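Engineer: Dropping in protein_6.tsv, with TSV, N, CA and C atoms.
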chain	number	residue	atom	x	y	z
A	298	MET	N	46.60	-6.96	-108.70
A	298	MET	CA	46.44	-7.52	-110.02
A	298	MET	C	45.16	-8.33	-110.04
A	299	VAL	N	44.62	-8.56	-111.21
A	299	VAL	CA	43.49	-9.46	-111.33
A	299	VAL	C	43.93	-10.66	-112.14
A	300	VAL	N	43.42	-11.83	-111.74
A	300	VAL	CA	43.74	-13.07	-112.44
A	300	VAL	C	42.43	-13.78	-112.76
A	301	PRO	N	42.45	-14.66	-113.72
A	301	PRO	CA	41.23	-15.39	-114.05
A	301	PRO	C	40.78	-16.28	-112.89
A	302	HIS	N	39.47	-16.42	-112.74
A	302	HIS	CA	38.89	-17.35	-111.76
A	302	HIS	C	39.02	-18.75	-112.37
A	303	HIS	N	40.25	-19.19	-112.43
A	303	HIS	CA	40.61	-20.45	-113.08
A	303	HIS	C	41.94	-20.89	-112.49
A	304	ALA	N	42.25	-22.16	-112.64
A	304	ALA	CA	43.50	-22.69	-112.07
A	304	ALA	C	44.72	-21.92	-112.55
A	305	THR	N	44.69	-21.38	-113.76
A	305	THR	CA	45.84	-20.61	-114.25
A	305	THR	C	46.05	-19.33	-113.45
A	306	GLY	N	45.02	-18.85	-112.76
A	306	GLY	CA	45.14	-17.64	-111.96
A	306	GLY	C	46.19	-17.77	-110.88
A	307	ALA	N	46.25	-18.93	-110.23
A	307	ALA	CA	47.24	-19.14	-109.16
A	307	ALA	C	48.66	-19.08	-109.73
A	308	ARG	N	48.87	-19.68	-110.90
A	308	ARG	CA	50.19	-19.67	-111.51
A	308	ARG	C	50.62	-18.25	-111.87
A	309	LEU	N	49.70	-17.49	-112.47
A	309	LEU	CA	50.01	-16.10	-112.83
A	309	LEU	C	50.34	-15.26	-111.60
A	310	ALA	N	49.57	-15.42	-110.54
A	310	ALA	CA	49.80	-14.66	-109.31
A	310	ALA	C	51.13	-15.03	-108.67
A	311	ARG	N	51.42	-16.33	-108.59
A	311	ARG	CA	52.70	-16.78	-108.00
A	311	ARG	C	53.88	-16.19	-108.76
A	312	ARG	N	53.80	-16.27	-110.08
A	312	ARG	CA	54.92	-15.81	-110.91
A	312	ARG	C	55.16	-14.31	-110.71
A	313	ARG	N	54.09	-13.53	-110.71
A	313	ARG	CA	54.26	-12.08	-110.56
A	313	ARG	C	54.77	-11.71	-109.17
A	314	LEU	N	54.23	-12.37	-108.14
A	314	LEU	CA	54.71	-12.12	-106.77
A	314	LEU	C	56.19	-12.44	-106.67
A	315	ALA	N	56.59	-13.59	-107.18
A	315	ALA	CA	58.01	-13.98	-107.11
A	315	ALA	C	58.89	-12.99	-107.86
A	316	ASP	N	58.45	-12.55	-109.04
A	316	ASP	CA	59.23	-11.59	-109.82
A	316	ASP	C	59.37	-10.25	-109.09
A	317	GLU	N	58.27	-9.77	-108.51
A	317	GLU	CA	58.30	-8.45	-107.88
A	317	GLU	C	59.01	-8.41	-106.54
A	318	LEU	N	58.98	-9.51	-105.80
A	318	LEU	CA	59.54	-9.48	-104.44
A	318	LEU	C	60.88	-10.21	-104.29
A	319	ALA	N	61.39	-10.79	-105.37
A	319	ALA	CA	62.63	-11.57	-105.29
A	319	ALA	C	63.79	-10.77	-104.74
A	320	GLU	N	63.87	-9.50	-105.04
A	320	GLU	CA	64.99	-8.67	-104.57
A	320	GLU	C	64.66	-7.92	-103.28
A	321	VAL	N	63.44	-8.13	-102.74
A	321	VAL	CA	62.97	-7.33	-101.62
A	321	VAL	C	62.90	-8.11	-100.32
A	322	VAL	N	62.56	-9.38	-100.39
A	322	VAL	CA	62.41	-10.20	-99.18
A	322	VAL	C	63.38	-11.38	-99.25
A	323	PRO	N	63.73	-11.94	-98.09
A	323	PRO	CA	64.63	-13.10	-98.08
A	323	PRO	C	64.01	-14.29	-98.82
A	324	PRO	N	64.85	-15.15	-99.41
A	324	PRO	CA	64.35	-16.29	-100.18
A	324	PRO	C	63.39	-17.21	-99.41
A	325	ALA	N	63.67	-17.46	-98.14
A	325	ALA	CA	62.78	-18.34	-97.36
A	325	ALA	C	61.40	-17.71	-97.20
A	326	LEU	N	61.35	-16.42	-96.94
A	326	LEU	CA	60.07	-15.74	-96.83
A	326	LEU	C	59.36	-15.73	-98.18
A	327	LEU	N	60.07	-15.50	-99.25
A	327	LEU	CA	59.47	-15.51	-100.58
A	327	LEU	C	58.84	-16.87	-100.87
A	328	ALA	N	59.50	-17.94	-100.51
A	328	ALA	CA	58.94	-19.27	-100.72
A	328	ALA	C	57.63	-19.44	-99.95
A	329	ASP	N	57.59	-18.95	-98.71
A	329	ASP	CA	56.35	-19.02	-97.92
A	329	ASP	C	55.25	-18.17	-98.55
A	330	LEU	N	55.60	-16.97	-99.01
A	330	LEU	CA	54.62	-16.09	-99.65
A	330	LEU	C	54.02	-16.74	-100.89
A	331	VAL	N	54.86	-17.34	-101.70
A	331	VAL	CA	54.40	-17.99	-102.92
A	331	VAL	C	53.47	-19.16	-102.58
A	332	ALA	N	53.85	-19.96	-101.59
A	332	ALA	CA	53.01	-21.11	-101.20
A	332	ALA	C	51.65	-20.65	-100.69
A	333	VAL	N	51.64	-19.64	-99.84
A	333	VAL	CA	50.38	-19.16	-99.28
A	333	VAL	C	49.52	-18.52	-100.35
A	334	LEU	N	50.11	-17.72	-101.22
A	334	LEU	CA	49.34	-17.10	-102.29
A	334	LEU	C	48.70	-18.17	-103.18
A	335	ALA	N	49.45	-19.21	-103.49
A	335	ALA	CA	48.90	-20.30	-104.30
A	335	ALA	C	47.69	-20.94	-103.62
A	336	GLU	N	47.78	-21.15	-102.31
A	336	GLU	CA	46.66	-21.73	-101.58
A	336	GLU	C	45.45	-20.81	-101.58
A	337	LEU	N	45.68	-19.53	-101.34
A	337	LEU	CA	44.56	-18.59	-101.26
A	337	LEU	C	43.86	-18.43	-102.61
A	338	VAL	N	44.63	-18.32	-103.68
A	338	VAL	CA	44.01	-18.21	-105.01
A	338	VAL	C	43.34	-19.53	-105.38
A	339	GLY	N	44.00	-20.63	-105.10
A	339	GLY	CA	43.39	-21.94	-105.38
A	339	GLY	C	42.08	-22.12	-104.65
A	340	ASN	N	42.03	-21.72	-103.39
A	340	ASN	CA	40.78	-21.82	-102.63
A	340	ASN	C	39.70	-20.92	-103.22
A	341	ALA	N	40.08	-19.72	-103.66
A	341	ALA	CA	39.10	-18.81	-104.27
A	341	ALA	C	38.51	-19.43	-105.53
A	342	VAL	N	39.34	-20.06	-106.31
A	342	VAL	CA	38.87	-20.67	-107.56
A	342	VAL	C	37.99	-21.89	-107.27
A	343	ARG	N	38.38	-22.71	-106.31
A	343	ARG	CA	37.63	-23.94	-106.02
A	343	ARG	C	36.35	-23.71	-105.23
A	344	HIS	N	36.38	-22.76	-104.31
A	344	HIS	CA	35.28	-22.67	-103.34
A	344	HIS	C	34.43	-21.41	-103.41
A	345	ALA	N	34.83	-20.42	-104.17
A	345	ALA	CA	34.11	-19.14	-104.16
A	345	ALA	C	33.69	-18.73	-105.57
A	346	ASP	N	32.76	-17.82	-105.63
A	346	ASP	CA	32.34	-17.24	-106.90
A	346	ASP	C	33.38	-16.23	-107.34
A	347	PRO	N	33.44	-15.97	-108.64
A	347	PRO	CA	34.36	-14.93	-109.11
A	347	PRO	C	33.79	-13.54	-108.85
A	348	LEU	N	34.64	-12.56	-108.94
A	348	LEU	CA	34.22	-11.17	-108.99
A	348	LEU	C	33.62	-10.91	-110.37
A	349	PRO	N	32.92	-9.81	-110.55
A	349	PRO	CA	32.41	-9.49	-111.90
A	349	PRO	C	33.54	-9.54	-112.93
A	350	GLY	N	33.27	-10.11	-114.06
A	350	GLY	CA	34.29	-10.28	-115.09
A	350	GLY	C	35.01	-11.61	-115.01
A	351	GLY	N	34.60	-12.46	-114.06
A	351	GLY	CA	35.21	-13.79	-113.95
A	351	GLY	C	36.63	-13.77	-113.43
A	352	VAL	N	36.90	-12.86	-112.49
A	352	VAL	CA	38.26	-12.70	-112.00
A	352	VAL	C	38.33	-12.81	-110.47
A	353	VAL	N	39.56	-12.89	-110.00
A	353	VAL	CA	39.91	-12.84	-108.58
A	353	VAL	C	40.95	-11.73	-108.46
A	354	ARG	N	40.82	-10.90	-107.44
A	354	ARG	CA	41.78	-9.82	-107.22
A	354	ARG	C	42.85	-10.31	-106.25
A	355	VAL	N	44.10	-10.05	-106.58
A	355	VAL	CA	45.24	-10.47	-105.77
A	355	VAL	C	46.09	-9.23	-105.48
A	356	ALA	N	46.47	-9.05	-104.23
A	356	ALA	CA	47.29	-7.89	-103.88
A	356	ALA	C	48.28	-8.28	-102.80
A	357	TRP	N	49.37	-7.55	-102.74
A	357	TRP	CA	50.33	-7.68	-101.66
A	357	TRP	C	50.83	-6.29	-101.32
A	358	ARG	N	51.20	-6.16	-100.07
A	358	ARG	CA	51.66	-4.87	-99.56
A	358	ARG	C	52.82	-5.12	-98.61
A	359	LEU	N	53.83	-4.30	-98.71
A	359	LEU	CA	54.97	-4.36	-97.80
A	359	LEU	C	54.95	-3.12	-96.94
A	360	ARG	N	55.22	-3.33	-95.66
A	360	ARG	CA	55.33	-2.22	-94.72
A	360	ARG	C	56.64	-2.37	-93.98
A	361	PRO	N	57.46	-1.34	-93.97
A	361	PRO	CA	58.73	-1.44	-93.25
A	361	PRO	C	58.52	-1.51	-91.74
A	362	SER	N	59.37	-2.27	-91.11
A	362	SER	CA	59.39	-2.32	-89.64
A	362	SER	C	60.85	-2.37	-89.21
A	363	ALA	N	61.08	-2.32	-87.93
A	363	ALA	CA	62.45	-2.33	-87.41
A	363	ALA	C	63.20	-3.60	-87.78
A	364	ASP	N	62.45	-4.71	-87.95
A	364	ASP	CA	63.08	-6.01	-88.24
A	364	ASP	C	63.10	-6.36	-89.73
A	365	GLY	N	62.54	-5.52	-90.57
A	365	GLY	CA	62.48	-5.83	-92.00
A	365	GLY	C	61.12	-5.49	-92.56
A	366	GLN	N	60.73	-6.19	-93.59
A	366	GLN	CA	59.46	-5.92	-94.27
A	366	GLN	C	58.35	-6.82	-93.74
A	367	LEU	N	57.26	-6.22	-93.26
A	367	LEU	CA	56.04	-6.96	-92.96
A	367	LEU	C	55.29	-7.07	-94.29
A	368	VAL	N	54.81	-8.25	-94.63
A	368	VAL	CA	54.15	-8.46	-95.90
A	368	VAL	C	52.73	-8.94	-95.66
A	369	GLN	N	51.78	-8.33	-96.38
A	369	GLN	CA	50.40	-8.79	-96.34
A	369	GLN	C	49.99	-9.22	-97.75
A	370	LEU	N	49.40	-10.41	-97.83
A	370	LEU	CA	48.80	-10.91	-99.06
A	370	LEU	C	47.29	-10.80	-98.90
A	371	ARG	N	46.58	-10.52	-99.99
A	371	ARG	CA	45.12	-10.43	-99.93
A	371	ARG	C	44.56	-10.96	-101.24
A	372	VAL	N	43.59	-11.88	-101.13
A	372	VAL	CA	42.90	-12.44	-102.29
A	372	VAL	C	41.42	-12.15	-102.12
A	373	THR	N	40.84	-11.47	-103.09
A	373	THR	CA	39.43	-11.08	-103.03
A	373	THR	C	38.67	-11.79	-104.13
A	374	ASP	N	37.56	-12.44	-103.74
A	374	ASP	CA	36.71	-13.15	-104.68
A	374	ASP	C	35.27	-12.73	-104.45
A	375	GLY	N	34.35	-13.36	-105.17
A	375	GLY	CA	32.94	-13.02	-105.06
A	375	GLY	C	32.24	-13.62	-103.87
A	376	GLY	N	32.95	-14.37	-103.05
A	376	GLY	CA	32.37	-14.97	-101.85
A	376	GLY	C	31.74	-16.32	-102.12
A	377	ALA	N	31.37	-16.97	-101.06
A	377	ALA	CA	30.76	-18.29	-101.11
A	377	ALA	C	29.74	-18.39	-99.99
A	378	ALA	N	28.87	-19.39	-100.08
A	378	ALA	CA	27.86	-19.57	-99.04
A	378	ALA	C	28.52	-19.80	-97.67
A	379	ALA	N	29.55	-20.60	-97.65
A	379	ALA	CA	30.29	-20.87	-96.41
A	379	ALA	C	31.66	-20.21	-96.51
A	380	GLY	N	32.05	-19.47	-95.49
A	380	GLY	CA	33.34	-18.80	-95.49
A	380	GLY	C	34.49	-19.77	-95.28
A	381	PRO	N	35.70	-19.33	-95.57
A	381	PRO	CA	36.88	-20.17	-95.37
A	381	PRO	C	37.04	-20.56	-93.90
A	382	ARG	N	37.39	-21.79	-93.68
A	382	ARG	CA	37.64	-22.27	-92.31
A	382	ARG	C	38.61	-23.45	-92.39
A	383	ILE	N	39.35	-23.62	-91.34
A	383	ILE	CA	40.26	-24.77	-91.26
A	383	ILE	C	39.43	-26.01	-91.01
A	384	ARG	N	39.68	-27.03	-91.81
A	384	ARG	CA	38.96	-28.30	-91.67
A	384	ARG	C	39.90	-29.38	-91.18
A	385	VAL	N	39.32	-30.41	-90.64
A	385	VAL	CA	40.09	-31.59	-90.28
A	385	VAL	C	40.01	-32.55	-91.46
A	386	ALA	N	41.15	-32.82	-92.07
A	386	ALA	CA	41.19	-33.69	-93.24
A	386	ALA	C	41.59	-35.09	-92.82
A	387	ALA	N	40.90	-36.06	-93.38
A	387	ALA	CA	41.26	-37.46	-93.14
A	387	ALA	C	42.64	-37.72	-93.74
A	388	PRO	N	43.38	-38.68	-93.20
A	388	PRO	CA	44.73	-38.94	-93.72
A	388	PRO	C	44.77	-39.24	-95.22
A	389	ASP	N	43.72	-39.84	-95.75
A	389	ASP	CA	43.71	-40.18	-97.17
A	389	ASP	C	42.94	-39.16	-98.02
A	390	ALA	N	42.52	-38.05	-97.43
A	390	ALA	CA	41.80	-37.02	-98.19
A	390	ALA	C	42.74	-36.34	-99.18
A	391	THR	N	42.19	-35.98	-100.33
A	391	THR	CA	43.00	-35.33	-101.36
A	391	THR	C	42.98	-33.80	-101.24
A	392	ASP	N	42.16	-33.27	-100.33
A	392	ASP	CA	42.14	-31.83	-100.11
A	392	ASP	C	41.80	-31.54	-98.66
A	393	GLY	N	41.67	-30.27	-98.32
A	393	GLY	CA	41.30	-29.90	-96.96
A	393	GLY	C	42.45	-29.47	-96.08
A	394	ARG	N	43.64	-29.29	-96.65
A	394	ARG	CA	44.80	-28.90	-95.85
A	394	ARG	C	45.32	-27.50	-96.16
A	395	GLY	N	44.71	-26.84	-97.12
A	395	GLY	CA	45.23	-25.55	-97.58
A	395	GLY	C	45.32	-24.50	-96.50
A	396	LEU	N	44.27	-24.33	-95.72
A	396	LEU	CA	44.32	-23.30	-94.68
A	396	LEU	C	45.22	-23.71	-93.52
A	397	HIS	N	45.49	-25.01	-93.36
A	397	HIS	CA	46.50	-25.42	-92.39
A	397	HIS	C	47.87	-24.90	-92.82
A	398	ILE	N	48.12	-24.96	-94.12
A	398	ILE	CA	49.38	-24.45	-94.66
A	398	ILE	C	49.45	-22.94	-94.43
A	399	VAL	N	48.37	-22.24	-94.75
A	399	VAL	CA	48.33	-20.80	-94.55
A	399	VAL	C	48.58	-20.46	-93.08
A	400	ALA	N	47.86	-21.11	-92.18
A	400	ALA	CA	48.02	-20.84	-90.75
A	400	ALA	C	49.42	-21.19	-90.25
A	401	GLY	N	50.02	-22.20	-90.82
A	401	GLY	CA	51.35	-22.61	-90.38
A	401	GLY	C	52.46	-21.70	-90.87
A	402	LEU	N	52.29	-21.09	-92.03
A	402	LEU	CA	53.34	-20.26	-92.60
A	402	LEU	C	53.17	-18.77	-92.27
A	403	ALA	N	51.93	-18.30	-92.23
A	403	ALA	CA	51.68	-16.88	-91.97
A	403	ALA	C	51.71	-16.59	-90.47
A	404	SER	N	51.99	-15.35	-90.14
A	404	SER	CA	51.95	-14.93	-88.73
A	404	SER	C	50.51	-14.85	-88.25
A	405	ARG	N	49.62	-14.47	-89.15
A	405	ARG	CA	48.18	-14.43	-88.86
A	405	ARG	C	47.44	-14.36	-90.19
A	406	TRP	N	46.17	-14.74	-90.16
A	406	TRP	CA	45.34	-14.67	-91.36
A	406	TRP	C	43.89	-14.44	-90.95
A	407	GLY	N	43.08	-14.03	-91.88
A	407	GLY	CA	41.68	-13.79	-91.57
A	407	GLY	C	40.86	-13.57	-92.83
A	408	VAL	N	39.57	-13.29	-92.60
A	408	VAL	CA	38.62	-13.11	-93.68
A	408	VAL	C	37.84	-11.83	-93.42
A	409	GLU	N	37.64	-11.04	-94.45
A	409	GLU	CA	36.80	-9.85	-94.37
A	409	GLU	C	35.75	-9.95	-95.47
A	410	ARG	N	34.52	-9.62	-95.12
A	410	ARG	CA	33.43	-9.63	-96.11
A	410	ARG	C	32.91	-8.22	-96.29
A	411	ASP	N	32.52	-7.92	-97.52
A	411	ASP	CA	31.86	-6.66	-97.80
A	411	ASP	C	30.78	-6.92	-98.86
A	412	GLY	N	30.19	-5.88	-99.41
A	412	GLY	CA	29.11	-6.05	-100.36
A	412	GLY	C	29.51	-6.68	-101.67
A	413	LEU	N	30.81	-6.69	-101.97
A	413	LEU	CA	31.28	-7.26	-103.23
A	413	LEU	C	31.68	-8.72	-103.12
A	414	GLY	N	32.02	-9.17	-101.94
A	414	GLY	CA	32.48	-10.55	-101.77
A	414	GLY	C	33.28	-10.69	-100.50
A	415	GLN	N	34.38	-11.40	-100.61
A	415	GLN	CA	35.21	-11.62	-99.43
A	415	GLN	C	36.68	-11.53	-99.80
A	416	SER	N	37.47	-11.12	-98.82
A	416	SER	CA	38.92	-11.09	-98.95
A	416	SER	C	39.51	-11.98	-97.87
A	417	VAL	N	40.40	-12.85	-98.28
A	417	VAL	CA	41.17	-13.64	-97.33
A	417	VAL	C	42.58	-13.06	-97.35
A	418	TRP	N	43.09	-12.75	-96.17
A	418	TRP	CA	44.40	-12.13	-96.08
A	418	TRP	C	45.31	-12.95	-95.18
A	419	ALA	N	46.59	-12.78	-95.40
A	419	ALA	CA	47.61	-13.42	-94.56
A	419	ALA	C	48.74	-12.41	-94.38
A	420	GLU	N	49.23	-12.29	-93.16
A	420	GLU	CA	50.35	-11.39	-92.87
A	420	GLU	C	51.55	-12.19	-92.41
A	421	PHE	N	52.70	-11.68	-92.78
A	421	PHE	CA	53.98	-12.31	-92.44
A	421	PHE	C	54.85	-11.29	-91.75
A	422	ASP	N	55.14	-11.53	-90.48
A	422	ASP	CA	56.05	-10.66	-89.76
A	422	ASP	C	57.46	-10.88	-90.29
A	423	PRO	N	58.27	-9.85	-90.28
A	423	PRO	CA	59.65	-10.02	-90.74
A	423	PRO	C	60.43	-10.90	-89.78
A	424	ALA	N	61.35	-11.64	-90.33
A	424	ALA	CA	62.24	-12.45	-89.50
A	424	ALA	C	63.25	-11.50	-88.86
A	425	PRO	N	63.61	-11.74	-87.61
A	425	PRO	CA	64.63	-10.88	-87.00
A	425	PRO	C	65.95	-11.04	-87.74
A	426	SER	N	66.67	-9.96	-87.85
A	426	SER	CA	67.97	-10.04	-88.51
A	426	SER	C	68.91	-10.91	-87.68
A	427	PRO	N	69.89	-11.56	-88.31
A	427	PRO	CA	70.79	-12.46	-87.57
A	427	PRO	C	71.47	-11.79	-86.38
A	428	SER	N	71.74	-10.50	-86.48
A	428	SER	CA	72.44	-9.83	-85.38
A	428	SER	C	71.53	-9.70	-84.14
A	429	LEU	N	70.21	-9.84	-84.31
A	429	LEU	CA	69.30	-9.73	-83.19
A	429	LEU	C	68.99	-11.08	-82.52
A	430	VAL	N	69.38	-12.16	-83.18
A	430	VAL	CA	69.12	-13.49	-82.64
A	430	VAL	C	70.20	-13.81	-81.61
A	431	THR	N	69.76	-14.24	-80.42
A	431	THR	CA	70.74	-14.58	-79.39
A	431	THR	C	70.65	-16.05	-79.06
A	432	ALA	N	71.76	-16.59	-78.68
A	432	ALA	CA	71.79	-18.01	-78.28
A	432	ALA	C	71.21	-18.14	-76.89
A	433	GLY	N	70.51	-19.23	-76.67
A	433	GLY	CA	69.83	-19.40	-75.39
A	433	GLY	C	70.59	-20.21	-74.47
Turn this file's structure into structure tokens for me.

Structural biologist:
Amino acid sequence: MVVPHHATGARLARRRLADELAEVVPPALLADLVAVLAELVGNAVRHADPLPGGVVRVAWRLRPSADGQLVQLRVTDGGAAAGPRIRVAAPDATDGRGLHIVAGLASRWGVERDGLGQSVWAEFDPAPSPSLVTAG
């Protein structure tokens, strides 16, 4: 989907993701997906240029695995002079923690650049089903 390169873009993306995946992934994973998507779109709006047309492209993909659905989120923008990186935020800073949230919730994340801009992606491995969890 495409959303405006504006703060409302994150809200639109979160709502659509939640609507489309509510019946597909467990509620705890959905909450993590929504939080990470909000951070990625918010970062694109705050720190990067828009794609042509003043938009940001948002996508998600599910791939089946033995343990459930692997989910990938991808946010594509027009890029910025400095690429996304985890920063050290002062305790009283009002920003600078978004990619810490992404790194903490996602199984892995990264950045890809091409001639159009950059894509920041995050992948979420499926949680093992309760029958596969063993007591230690």

Engineer: Considering all atoms listed in the file, state which residue in the set A:His344, A:Arg410, A:His303, A:Arg312 is at the smallest distance from A:Ala377.

Structural biologist: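 Ranked by minimum distance to A:Ala377, first place goes to A:His344.
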
Engineer: Please, what distance in Å, to one decimal, runs between atom CA of A:Leu326 and atom CA of A:Val408?

Structural biologist: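 Answer for the atom CA of A:Leu326 to atom CA of A:Val408 separation: 21.8 Å.
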
Engineer: One decimal, in Å: what's the spacing between atom CA of A:Asp364 and atom CA of A:Asp422?

Structural biologist: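 According to the coordinates, atom CA of A:Asp364 and atom CA of A:Asp422 are separated by 8.6 Å.
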
Engineer: What is the distance between atom C of A:Pro301 and atom CA of A:Val342, in Å to one decimal?

Structural biologist: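 Result for atom C of A:Pro301 versus atom CA of A:Val342: 7.2 Å, one decimal.
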
Engineer: If I put a ball of radius 6 Å at (47.0, -7.7, -99.7) in the file's coordinates, which residues poke into it when counting only C-alpha atoms, written as a ChimeraX atom specification?

Structural biologist: /A:356-358,369-371
